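To keep things clear, I will list the structure first and then write my remarks on it.
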Amino acid sequence: MHNDPTVYINITSKDEPTDAPQGCENWIHMVNVPCNTGQDWDKIIARTRTNVIAKISKLLNKDIEPLIVYESILDPRTIESKTQSYQGALYGASSNNKFAAFLRHPNFKRSIDNLYFCGGSVHPCGGIPLCLLSGKIVSELISKSVLK
Ligand SMILES: Cc1cc2nc3c(=O)[nH]c(=O)nc-3n(C[C@H](O)[C@H](O)[C@H](O)COP(=O)(O)OP(=O)(O)OC[C@H]3O[C@@H](n4cnc5c(N)ncnc54)[C@H](O)[C@@H]3O)c2cc1C
């Protein structure tokens with residue numbers, strides 16, 4: 001893990017005050033990590049937490065650590081156990097080169113008739129909009145195969 005990771009922050013209670021207790025905010029932070037291949041996640045989490053708090057405190061010119069009342073952490077181990085995604089990967093196979101988009105797992109299996117796949121780990125990709133598109137592609141494939 002890099003010591004200065006890109007950090008995505010979303011504070012939904014800014015729009016929906018009931019997302020946090022009165023007088024508080026819910027800060028959701030996200031940092032990209034690889035899938036779970038047995039890394040020492042507790043060590044990675046401790047280091048990342050320190051780096052993220054230091055980064056935000058520096059950006060805001062305020063020590064945010066004493067303001068934390070409650071925190072909960074999702075890592076690839078917990079994502080895997082809660083959702084059964086393989087190795088806790090949100091977006092399926094790692095896509096780090098320019099051909100990766102063309103090599104994603106397809107929505108069907110040639111060797112097994114009538115077996116289809118949709119969701120974040122297959123074509124076209126992860127994220128809610130593309131997962132919905134994935135479902136649409138599969139529904140169209142099924143309609144076509146039923147009408148054959
Ligand atoms: C912290 C976080 C933040 C994110 N933020 C965004 C965002 O801002 N915008 C965005 O577009 N995307 C975001 N994503 C990504 C998006 O949530 C995923 O790409 C998407 O939810 C994947 O959809 P899915 O249907 O493939 O899988 P999931 O949403 O994981 O759904 C799979 C479901 O199947 C259930 N399941 C698994 N195994 C079984 C079984 N054997 N029997 C019955 N049920 C089972 C699981 O419990 C789960 O409910 C985020 C993901 C995370 C983790």
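In the structure tokens, the first chain shown is A, the next is B, and so on; residue numbers restart at 1 for each chain, and ligands run from 1 in the order shown.
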Legend entry - Residues within 8 Å of ligand 1, counting only C-alpha atoms and all ligand atoms, as a list in words: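 With only C-alpha atoms and all ligand atoms and a cut-off of 8 Å, ligand 1 is contacted by Met30, Leu74, Ile79, Lys82, Thr83, Gln84, Ser85, Leu90, Tyr91, Cys118, Gly119, Gly120, Ser121, Cys125, Gly126, Gly127, Ile128, Pro129, Leu130 and Cys131 of chain A.
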Legend entry - Contacts of stretch 38-40 of chain A within 9 Å, only C-alpha atoms, excl. fewer than 4 positions in-chain, as an MDAnalysis selection string: chainID A and resid 44:45 77
Go ahead and save the residues from that selection, with N, CA and C atoms, as a compact mmCIF listing (two decimals), in the first residue's frame.
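Listed below is the output, again38.txt:
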```txt
# COMPACT_ATOMS: atom_id res chain seq x y z
N ILE A 44 -1.89 -3.71 7.39
CA ILE A 44 -2.18 -2.76 6.30
C ILE A 44 -3.22 -1.73 6.76
N ILE A 45 -4.26 -2.22 7.47
CA ILE A 45 -5.33 -1.32 7.93
C ILE A 45 -4.76 -0.30 8.91
N ARG A 77 -11.29 -9.20 3.24
CA ARG A 77 -11.72 -10.40 3.98
C ARG A 77 -13.19 -10.29 4.36
```
Inset, instruction - Rounded to one decimal place, report the atom CA of A:Gly92-atom CA of A:Thr37 distance in Å. - result: 13.6 Å
Inset, instruction - List the neighbours of A:Ile9 out to 9 Å using only C-alpha atoms; skip same-chain residues closer than 4 positions along the sequence, and give me the result as a ChimeraX atom specification. - result: /A:27-30
Inset, instruction - Within 9 Å of A:Cys24, counting only C-alpha atoms, which residues show up once you throw out same-chain ones fewer than 3 positions away? Write them as a VMD selection string, please. - result: chain A and resid 13 17 20 to 21 69
Let's have the selection written as a tab-separated table (two decimals), in the first residue's frame, with N, CA and C atoms.
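Resulting contents of again_37.tsv:
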```
chain	number	residue	atom	x	y	z
A	13	SER	N	-24.59	12.25	5.39
A	13	SER	CA	-25.44	13.00	6.33
A	13	SER	C	-25.50	14.50	6.00
A	17	PRO	N	-29.59	14.09	6.93
A	17	PRO	CA	-29.13	14.23	8.32
A	17	PRO	C	-29.39	12.99	9.18
A	20	ALA	N	-26.78	10.07	10.32
A	20	ALA	CA	-25.83	10.13	11.46
A	20	ALA	C	-26.58	10.61	12.69
A	21	PRO	N	-26.08	10.25	13.91
A	21	PRO	CA	-26.74	10.77	15.12
A	21	PRO	C	-26.69	12.31	15.12
A	69	VAL	N	-15.95	9.15	16.80
A	69	VAL	CA	-16.73	8.56	17.91
A	69	VAL	C	-16.88	7.06	17.69
```
Inset, instruction - Taking the chain letters and numbering used in this document, name the residues of stretch 18-137 of chain A that DSSP puts in strand (DSSP E), as a ChimeraX atom specification. - result: /A:27-30
Got time to write the residues from that selection, C-alpha atoms, as an mmCIF file, in the first residue's frame?
```cif
data_model
loop_
_atom_site.group_PDB
_atom_site.id
_atom_site.type_symbol
_atom_site.label_atom_id
_atom_site.label_comp_id
_atom_site.auth_asym_id
_atom_site.auth_seq_id
_atom_site.Cartn_x
_atom_site.Cartn_y
_atom_site.Cartn_z
ATOM 1 C CA TRP A 27 -17.635 10.050 7.023
ATOM 2 C CA ILE A 28 -17.266 7.169 4.594
ATOM 3 C CA HIS A 29 -13.711 6.786 3.340
ATOM 4 C CA MET A 30 -12.634 4.483 0.571
#
```
